[in-house]
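Text of the file coords.cif, holding mmCIF, C-alpha atoms:
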```
data_data
loop_
_atom_site.group_PDB
_atom_site.id
_atom_site.type_symbol
_atom_site.label_atom_id
_atom_site.label_comp_id
_atom_site.auth_asym_id
_atom_site.auth_seq_id
_atom_site.Cartn_x
_atom_site.Cartn_y
_atom_site.Cartn_z
ATOM 1 C CA MET A 882 -16.543 -9.829 -89.023
ATOM 2 C CA ALA A 883 -15.666 -8.904 -85.460
ATOM 3 C CA LYS A 884 -12.268 -10.240 -84.509
ATOM 4 C CA ARG A 885 -11.750 -13.306 -82.374
ATOM 5 C CA ALA A 886 -10.935 -11.133 -79.379
ATOM 6 C CA VAL A 887 -14.458 -9.681 -79.428
ATOM 7 C CA HIS A 888 -16.135 -13.086 -79.654
ATOM 8 C CA ARG A 889 -13.799 -14.543 -77.044
ATOM 9 C CA ARG A 890 -14.676 -11.714 -74.659
ATOM 10 C CA ALA A 891 -18.391 -12.127 -75.413
ATOM 11 C CA ARG A 892 -18.203 -15.861 -74.654
ATOM 12 C CA LYS A 893 -16.458 -15.128 -71.380
ATOM 13 C CA ILE A 894 -19.109 -12.608 -70.321
ATOM 14 C CA LEU A 895 -22.102 -14.688 -71.386
ATOM 15 C CA GLY A 896 -20.701 -18.045 -70.375
ATOM 16 C CA GLU A 897 -21.744 -19.380 -73.768
ATOM 17 C CA GLU A 898 -21.392 -18.670 -77.472
ATOM 18 C CA PRO A 899 -23.460 -15.574 -78.361
ATOM 19 C CA VAL A 900 -26.415 -16.236 -80.647
ATOM 20 C CA ALA A 901 -25.691 -12.896 -82.348
ATOM 21 C CA LEU A 902 -23.907 -9.669 -81.538
ATOM 22 C CA VAL A 903 -23.434 -6.266 -83.143
ATOM 23 C CA TRP A 904 -21.931 -2.889 -82.321
ATOM 24 C CA CYS A 905 -24.432 -0.041 -82.583
ATOM 25 C CA GLU A 906 -25.100 3.552 -81.523
ATOM 26 C CA ILE A 907 -27.985 5.856 -80.744
ATOM 27 C CA ARG A 908 -28.388 7.620 -84.075
ATOM 28 C CA ARG A 909 -29.695 10.939 -82.767
ATOM 29 C CA PRO A 910 -29.025 13.106 -79.700
ATOM 30 C CA ILE A 911 -30.707 11.969 -76.521
ATOM 31 C CA PRO A 912 -33.635 14.322 -75.782
ATOM 32 C CA THR A 913 -33.319 16.604 -72.772
ATOM 33 C CA PRO A 914 -35.146 15.040 -69.806
ATOM 34 C CA PRO A 915 -37.025 17.070 -67.175
ATOM 35 C CA ASP A 916 -34.660 18.470 -64.553
ATOM 36 C CA ASP A 917 -36.186 16.502 -61.690
ATOM 37 C CA VAL A 918 -35.952 13.228 -63.632
ATOM 38 C CA HIS A 919 -32.349 13.892 -64.631
ATOM 39 C CA ARG A 920 -31.451 14.839 -61.061
ATOM 40 C CA ALA A 921 -33.052 11.693 -59.649
ATOM 41 C CA ALA A 922 -30.968 9.595 -62.048
ATOM 42 C CA GLY A 923 -27.742 11.210 -60.847
ATOM 43 C CA LYS A 924 -27.451 13.919 -63.534
ATOM 44 C CA GLY A 925 -25.349 11.676 -65.769
ATOM 45 C CA ARG A 926 -24.007 12.868 -69.106
ATOM 46 C CA LEU A 927 -26.422 12.804 -72.035
ATOM 47 C CA LYS A 928 -23.872 13.244 -74.805
ATOM 48 C CA PRO A 929 -20.936 11.108 -75.934
ATOM 49 C CA GLY A 930 -17.366 12.254 -75.490
ATOM 50 C CA HIS A 931 -15.514 13.612 -78.509
ATOM 51 C CA HIS A 932 -12.012 13.150 -79.819
ATOM 52 C CA TRP A 933 -9.672 16.129 -79.402
ATOM 53 C CA LEU A 934 -9.553 16.625 -83.184
ATOM 54 C CA LEU A 935 -13.220 17.588 -83.077
ATOM 55 C CA TYR A 936 -12.439 20.467 -80.731
ATOM 56 C CA VAL A 937 -9.609 21.595 -83.014
ATOM 57 C CA GLY A 938 -12.067 21.557 -85.903
ATOM 58 C CA GLY A 939 -14.496 23.654 -83.862
ATOM 59 C CA VAL A 940 -11.835 26.268 -83.188
ATOM 60 C CA VAL A 941 -10.937 26.434 -86.880
ATOM 61 C CA PHE A 942 -14.617 26.736 -87.797
ATOM 62 C CA PHE A 943 -15.303 29.623 -85.419
ATOM 63 C CA PHE A 944 -12.142 31.601 -86.088
ATOM 64 C CA VAL A 945 -11.654 30.928 -89.820
ATOM 65 C CA VAL A 946 -14.796 29.661 -91.532
ATOM 66 C CA ILE A 947 -17.359 31.894 -89.795
ATOM 67 C CA PRO A 948 -15.403 35.154 -90.423
ATOM 68 C CA MET A 949 -15.097 34.211 -94.099
ATOM 69 C CA MET A 950 -18.843 33.519 -94.304
ATOM 70 C CA LEU A 951 -19.613 36.866 -92.666
ATOM 71 C CA ILE A 952 -17.330 38.724 -95.050
ATOM 72 C CA ASP A 953 -18.966 37.004 -98.018
ATOM 73 C CA LYS A 954 -22.470 37.813 -96.721
ATOM 74 C CA LEU A 955 -21.586 41.458 -96.084
ATOM 75 C CA GLY A 956 -20.170 41.706 -99.590
ATOM 76 C CA ALA A 957 -23.379 40.306 -101.081
ATOM 77 C CA ARG A 958 -25.483 42.718 -99.036
ATOM 78 C CA PHE A 959 -23.334 45.657 -100.120
ATOM 79 C CA ASP A 960 -23.813 44.644 -103.773
ATOM 80 C CA ARG A 961 -27.585 44.583 -103.290
ATOM 81 C CA LEU A 962 -27.533 48.050 -101.769
ATOM 82 C CA LEU A 963 -25.789 49.367 -104.875
ATOM 83 C CA GLN A 964 -28.549 48.024 -107.147
ATOM 84 C CA PRO A 965 -31.372 50.421 -108.171
ATOM 85 C CA ARG A 966 -34.418 50.012 -105.945
ATOM 86 C CA ARG A 967 -36.617 49.109 -108.899
ATOM 87 C CA ASP A 968 -34.391 46.123 -109.612
ATOM 88 C CA ARG A 969 -34.971 44.823 -106.109
ATOM 89 C CA ARG A 970 -38.776 44.928 -106.224
ATOM 90 C CA PRO A 971 -40.415 41.498 -106.449
ATOM 91 C CA GLN A 972 -41.929 40.745 -109.827
ATOM 92 C CA ALA A 973 -45.548 39.771 -110.266
ATOM 93 C CA GLY A 974 -46.092 36.270 -108.988
ATOM 94 C CA GLU A 975 -42.731 36.189 -107.223
ATOM 95 C CA PRO A 976 -42.971 35.059 -103.590
ATOM 96 C CA ARG A 977 -42.159 37.819 -101.115
ATOM 97 C CA ASN A 978 -40.302 35.539 -98.738
ATOM 98 C CA GLY A 979 -37.225 35.477 -100.950
ATOM 99 C CA GLY A 980 -38.273 32.376 -102.882
ATOM 100 C CA ARG A 981 -37.872 30.193 -99.845
ATOM 101 C CA GLY A 982 -41.226 28.529 -100.369
ATOM 102 C CA PRO A 983 -43.905 27.953 -97.740
ATOM 103 C CA VAL A 984 -42.978 28.407 -94.122
ATOM 104 C CA ARG A 985 -42.635 25.026 -92.492
ATOM 105 C CA ASP A 986 -43.602 24.047 -89.009
ATOM 106 C CA ARG A 987 -40.258 23.723 -87.245
ATOM 107 C CA ARG A 988 -41.641 21.757 -84.333
ATOM 108 C CA GLN A 989 -39.984 18.387 -84.056
ATOM 109 C CA ASP A 990 -40.670 15.136 -82.307
ATOM 110 C CA PRO A 991 -39.494 15.854 -78.722
ATOM 111 C CA THR A 992 -38.140 12.314 -78.436
ATOM 112 C CA ASN A 993 -36.044 12.614 -81.636
ATOM 113 C CA GLY A 994 -37.364 9.164 -82.519
ATOM 114 C CA VAL A 995 -34.922 7.750 -79.983
ATOM 115 C CA PHE A 996 -37.386 6.201 -77.522
ATOM 116 C CA ASP A 997 -41.056 6.086 -76.540
ATOM 117 C CA GLY A 998 -40.882 9.290 -74.506
ATOM 118 C CA ASP A 999 -41.603 8.098 -70.954
ATOM 119 C CA TRP A 1000 -38.518 8.716 -68.822
ATOM 120 C CA ASN A 1001 -39.891 6.651 -65.936
ATOM 121 C CA LEU A 1002 -40.056 3.397 -67.899
ATOM 122 C CA THR A 1003 -37.230 0.998 -68.702
ATOM 123 C CA ALA A 1004 -36.033 2.595 -71.960
ATOM 124 C CA GLY A 1005 -36.041 6.093 -70.487
ATOM 125 C CA GLN A 1006 -34.134 4.997 -67.397
ATOM 126 C CA LEU A 1007 -31.630 3.200 -69.623
ATOM 127 C CA LEU A 1008 -31.105 6.375 -71.662
ATOM 128 C CA LEU A 1009 -30.513 8.482 -68.556
ATOM 129 C CA ARG A 1010 -27.475 6.320 -67.764
ATOM 130 C CA TRP A 1011 -26.433 5.511 -71.343
ATOM 131 C CA TYR A 1012 -23.276 7.634 -71.490
ATOM 132 C CA GLY A 1013 -22.596 7.369 -67.773
ATOM 133 C CA HIS A 1014 -21.112 3.930 -68.367
ATOM 134 C CA SER A 1015 -18.790 5.148 -71.122
ATOM 135 C CA PRO A 1016 -18.314 8.364 -73.128
ATOM 136 C CA ASN A 1017 -17.874 6.220 -76.231
ATOM 137 C CA PRO A 1018 -21.094 6.121 -78.296
ATOM 138 C CA LYS A 1019 -20.674 2.482 -79.354
ATOM 139 C CA ARG A 1020 -22.542 -0.275 -77.534
ATOM 140 C CA LEU A 1021 -22.310 -4.000 -78.103
ATOM 141 C CA ILE A 1022 -25.672 -5.776 -78.085
ATOM 142 C CA MET A 1023 -25.237 -9.480 -77.375
ATOM 143 C CA LEU A 1024 -28.002 -12.032 -77.684
ATOM 144 C CA ALA A 1025 -27.777 -15.148 -75.557
ATOM 145 C CA ARG A 1026 -30.257 -18.011 -75.466
ATOM 146 C CA ASP A 1027 -32.132 -16.544 -72.514
ATOM 147 C CA ARG A 1028 -31.195 -12.861 -72.291
ATOM 148 C CA VAL A 1029 -30.192 -9.632 -74.025
ATOM 149 C CA CYS A 1030 -26.991 -7.949 -72.846
ATOM 150 C CA ILE A 1031 -25.689 -4.450 -73.488
ATOM 151 C CA ALA A 1032 -21.941 -3.960 -73.117
ATOM 152 C CA THR A 1033 -19.496 -1.118 -73.646
ATOM 153 C CA SER A 1034 -15.832 -0.265 -73.349
ATOM 154 C CA PRO A 1035 -14.711 2.318 -70.777
ATOM 155 C CA ARG A 1036 -12.348 3.830 -73.356
ATOM 156 C CA ARG A 1037 -13.191 7.035 -75.212
ATOM 157 C CA ARG A 1038 -11.945 5.479 -78.443
ATOM 158 C CA LEU A 1039 -12.130 1.871 -79.547
ATOM 159 C CA SER A 1040 -11.957 -0.325 -82.606
ATOM 160 C CA PRO A 1041 -15.193 -2.347 -82.765
ATOM 161 C CA THR A 1042 -13.376 -5.204 -84.486
ATOM 162 C CA LYS A 1043 -10.651 -5.453 -81.847
ATOM 163 C CA ALA A 1044 -12.144 -4.238 -78.561
ATOM 164 C CA ASP A 1045 -11.664 -6.833 -75.839
ATOM 165 C CA ASP A 1046 -12.194 -4.855 -72.651
ATOM 166 C CA PHE A 1047 -15.955 -4.259 -72.808
ATOM 167 C CA GLN A 1048 -18.175 -4.969 -69.821
ATOM 168 C CA THR A 1049 -21.895 -5.663 -69.477
ATOM 169 C CA VAL A 1050 -23.759 -2.531 -68.331
ATOM 170 C CA ALA A 1051 -27.327 -3.848 -68.630
ATOM 171 C CA GLU A 1052 -28.902 -7.280 -68.906
ATOM 172 C CA PHE A 1053 -32.509 -8.287 -69.521
ATOM 173 C CA PRO A 1054 -34.067 -11.768 -69.535
ATOM 174 C CA HIS A 1055 -36.065 -12.617 -72.639
ATOM 175 C CA ASP A 1056 -39.317 -12.265 -70.719
ATOM 176 C CA GLN A 1057 -38.442 -8.611 -70.038
ATOM 177 C CA ALA A 1058 -36.947 -7.479 -73.333
ATOM 178 C CA ARG A 1059 -36.833 -8.458 -76.972
ATOM 179 C CA VAL A 1060 -35.127 -7.137 -80.077
ATOM 180 C CA GLU A 1061 -37.189 -6.113 -83.099
ATOM 181 C CA GLY A 1062 -35.618 -5.615 -86.517
ATOM 182 C CA GLU A 1063 -35.938 -6.461 -90.176
ATOM 183 C CA ALA A 1064 -33.451 -8.342 -92.294
ATOM 184 C CA GLY A 1065 -32.201 -6.898 -95.576
ATOM 185 C CA GLN A 1066 -32.172 -3.245 -94.500
ATOM 186 C CA PRO A 1067 -29.913 -0.923 -96.551
ATOM 187 C CA ARG A 1068 -26.398 -0.633 -95.164
ATOM 188 C CA GLY A 1069 -25.895 2.638 -93.338
ATOM 189 C CA PHE A 1070 -29.614 2.987 -92.574
ATOM 190 C CA ALA A 1071 -30.327 -0.249 -90.707
ATOM 191 C CA THR A 1072 -31.900 0.084 -87.258
ATOM 192 C CA PHE A 1073 -33.514 -2.118 -84.650
ATOM 193 C CA ARG A 1074 -35.434 -1.603 -81.442
ATOM 194 C CA LEU A 1075 -35.078 -2.882 -77.932
ATOM 195 C CA ARG A 1076 -38.654 -3.304 -76.708
ATOM 196 C CA PHE A 1077 -39.460 -3.882 -73.037
ATOM 197 C CA THR A 1078 -42.451 -5.489 -71.377
ATOM 198 C CA ASP A 1079 -43.553 -2.185 -69.804
ATOM 199 C CA GLY A 1080 -44.267 -0.891 -73.323
ATOM 200 C CA SER A 1081 -41.160 1.272 -73.639
ATOM 201 C CA TRP A 1082 -38.699 0.997 -76.518
ATOM 202 C CA LEU A 1083 -35.310 2.295 -77.604
ATOM 203 C CA GLU A 1084 -34.112 2.548 -81.213
ATOM 204 C CA VAL A 1085 -30.459 2.214 -82.239
ATOM 205 C CA GLY A 1086 -28.598 2.204 -85.539
ATOM 206 C CA ARG A 1087 -25.182 2.809 -87.080
ATOM 207 C CA LEU A 1088 -24.605 -0.898 -86.946
ATOM 208 C CA GLY A 1089 -21.040 -2.188 -86.993
ATOM 209 C CA GLU A 1090 -19.422 -4.816 -89.187
ATOM 210 C CA SER A 1091 -21.713 -5.786 -92.075
ATOM 211 C CA ASP A 1092 -21.461 -9.545 -91.466
ATOM 212 C CA ASP A 1093 -22.330 -9.146 -87.796
ATOM 213 C CA ALA A 1094 -25.154 -6.703 -88.585
ATOM 214 C CA ASP A 1095 -26.686 -8.928 -91.272
ATOM 215 C CA HIS A 1096 -26.531 -12.013 -89.055
ATOM 216 C CA PHE A 1097 -27.975 -10.062 -86.111
ATOM 217 C CA LEU A 1098 -30.923 -8.724 -88.131
ATOM 218 C CA ARG A 1099 -31.628 -12.131 -89.653
ATOM 219 C CA THR A 1100 -31.644 -13.617 -86.156
ATOM 220 C CA VAL A 1101 -34.070 -11.097 -84.637
ATOM 221 C CA SER A 1102 -36.393 -11.068 -87.662
ATOM 222 C CA GLY A 1103 -36.776 -14.842 -87.780
#
```
The structure in this file should be written as structure tokens.
Amino acid sequence: MAKRAVHRRARKILGEEPVALVWCEIRRPIPTPPDDVHRAAGKGRLKPGHHWLLYVGGVVFFFVVIPMMLIDKLGARFDRLLQPRRDRRPQAGEPRNGGRGPVRDRRQDPTNGVFDGDWNLTAGQLLLRWYGHSPNPKRLIMLARDRVCIATSPRRRLSPTKADDFQTVAEFPHDQARVEGEAGQPRGFATFRLRFTDGSWLEVGRLGESDDADHFLRTVSG
């Protein structure tokens, strides 16, 4: 369960005891908006910040792992070149694409399943400023009796169970936004949607503490 500091901070912000709250994240990368839309919104960042260890890992990957993979691939290709040509011919009934199976359509949902796709509506505008408030990917969704609040910490790193410096970055009355979710979702895969009266929606997941997440989903599904 979130520590007392989190609930105490939430009560201070809301002016009342929260009905439910949970830390969450956008599960997939934010899609790339049109240049003119991004520019009009101030060209804010569309990706979360990363810890310095991630950059160290990237350096190790590029200068150690990739060279080893290339050496291994070159060795395998050299071995194939040494084989007699007749051994390399595909047998009857063998697929000629290397056994990779049918070619799949690589086109993907341009929204990544993150939102409804209209950048001019509420969800799209919220996404355009999502990481401008904080490079940290975690957001605290707080439900009050008459509104839905989104809060975040300005820090790059935080402990969701101990954070006590978060601030509200967006607030919607219940007649403008509602939360949709189902109780009993598998841990690690649970999601819910913020749906707005203009028809737009935003999906989040990676829910925080299990007790908070279960209570939150039971609340919004009731």
Hits from the PyMOL selection byres ((chain A and resi 1077-1091) around 9), listed as a ChimeraX atom specification: /A:882-883,903-909,994-999,1002-1005,1007-1008,1019,1041-1042,1053,1056-1060,1068-1076,1092-1096
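Nearest-residue note for Trp1011 of chain A: choosing from A:Ala886, A:Leu1024, A:Ile911, A:Met949, the minimum distance belongs to A:Ile911, counting only C-alpha atoms.
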Nearest to Leu902 of chain A, chosen from A:Ala1044, A:Leu951, A:Val1050, A:Val1029, with only C-alpha atoms counted in the distances: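 Of the candidates, the smallest distance to Leu902 of chain A is held by A:Val1029.
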Selection under test: the PyMOL selection byres ((chain A and resi 921-926) around 8); residues as an NGL selection string: :A and (917-920 or 927-929 or 1006 or 1009-1010 or 1012-1013)
Pairwise distance for atom CA of Ala1025 of chain A and atom CA of Trp1000 of chain A, rounded to one decimal in Å: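 Calculated distance between atom CA of Ala1025 of chain A and atom CA of Trp1000 of chain A is 27.0 Å.
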Show me, as a PDB file with C-alpha atoms, in the frame of the given file, the residues that have an atom within 12 Å of Arg889 of chain A when counting all atoms listed in the file, minus same-chain residues fewer than 2 positions from it.
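Saved to result_2.pdb:
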```pdb
ATOM      1  CA  ALA A 883     -15.666  -8.904 -85.460  1.00  0.00           C
ATOM      2  CA  LYS A 884     -12.268 -10.240 -84.509  1.00  0.00           C
ATOM      3  CA  ARG A 885     -11.750 -13.306 -82.374  1.00  0.00           C
ATOM      4  CA  ALA A 886     -10.935 -11.133 -79.379  1.00  0.00           C
ATOM      5  CA  VAL A 887     -14.458  -9.681 -79.428  1.00  0.00           C
ATOM      6  CA  ALA A 891     -18.391 -12.127 -75.413  1.00  0.00           C
ATOM      7  CA  ARG A 892     -18.203 -15.861 -74.654  1.00  0.00           C
ATOM      8  CA  LYS A 893     -16.458 -15.128 -71.380  1.00  0.00           C
ATOM      9  CA  ILE A 894     -19.109 -12.608 -70.321  1.00  0.00           C
ATOM     10  CA  LEU A 895     -22.102 -14.688 -71.386  1.00  0.00           C
ATOM     11  CA  GLY A 896     -20.701 -18.045 -70.375  1.00  0.00           C
ATOM     12  CA  GLU A 897     -21.744 -19.380 -73.768  1.00  0.00           C
ATOM     13  CA  GLU A 898     -21.392 -18.670 -77.472  1.00  0.00           C
ATOM     14  CA  PRO A 899     -23.460 -15.574 -78.361  1.00  0.00           C
ATOM     15  CA  THR A1042     -13.376  -5.204 -84.486  1.00  0.00           C
ATOM     16  CA  LYS A1043     -10.651  -5.453 -81.847  1.00  0.00           C
ATOM     17  CA  ALA A1044     -12.144  -4.238 -78.561  1.00  0.00           C
ATOM     18  CA  ASP A1045     -11.664  -6.833 -75.839  1.00  0.00           C
ATOM     19  CA  ASP A1046     -12.194  -4.855 -72.651  1.00  0.00           C
ATOM     20  CA  PHE A1047     -15.955  -4.259 -72.808  1.00  0.00           C
TER      21      PHE A1047
END
```
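Pairwise distance (atom CA of Ser1102 of chain A, atom CA of His1014 of chain A) equals 28.8 Å.
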d(atom CA of Ser1015 of chain A, atom CA of Phe1097 of chain A) in Å: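 Pair atom CA of Ser1015 of chain A / atom CA of Phe1097 of chain A returns 23.2 Å.
In this comparison, which uses only C-alpha atoms, the residue of A:Thr1049, A:Ile1022, A:Pro948, A:Glu1063 approaching Ser1034 of chain A most closely is A:Thr1049.
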Hits from the PyMOL selection byres ((chain A and resi 1027) around 7), listed as a PyMOL selection string: chain A and resi 1025-1026+1028+1054-1055
Got time to write the residues from that selection, C-alpha atoms, as a PDB file, in the frame of the given file?
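Written output follows (again20.pdb):
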```
ATOM      1  CA  ALA A1025     -27.777 -15.148 -75.557  1.00  0.00           C
ATOM      2  CA  ARG A1026     -30.257 -18.011 -75.466  1.00  0.00           C
ATOM      3  CA  ARG A1028     -31.195 -12.861 -72.291  1.00  0.00           C
ATOM      4  CA  PRO A1054     -34.067 -11.768 -69.535  1.00  0.00           C
ATOM      5  CA  HIS A1055     -36.065 -12.617 -72.639  1.00  0.00           C
TER       6      HIS A1055
END
```
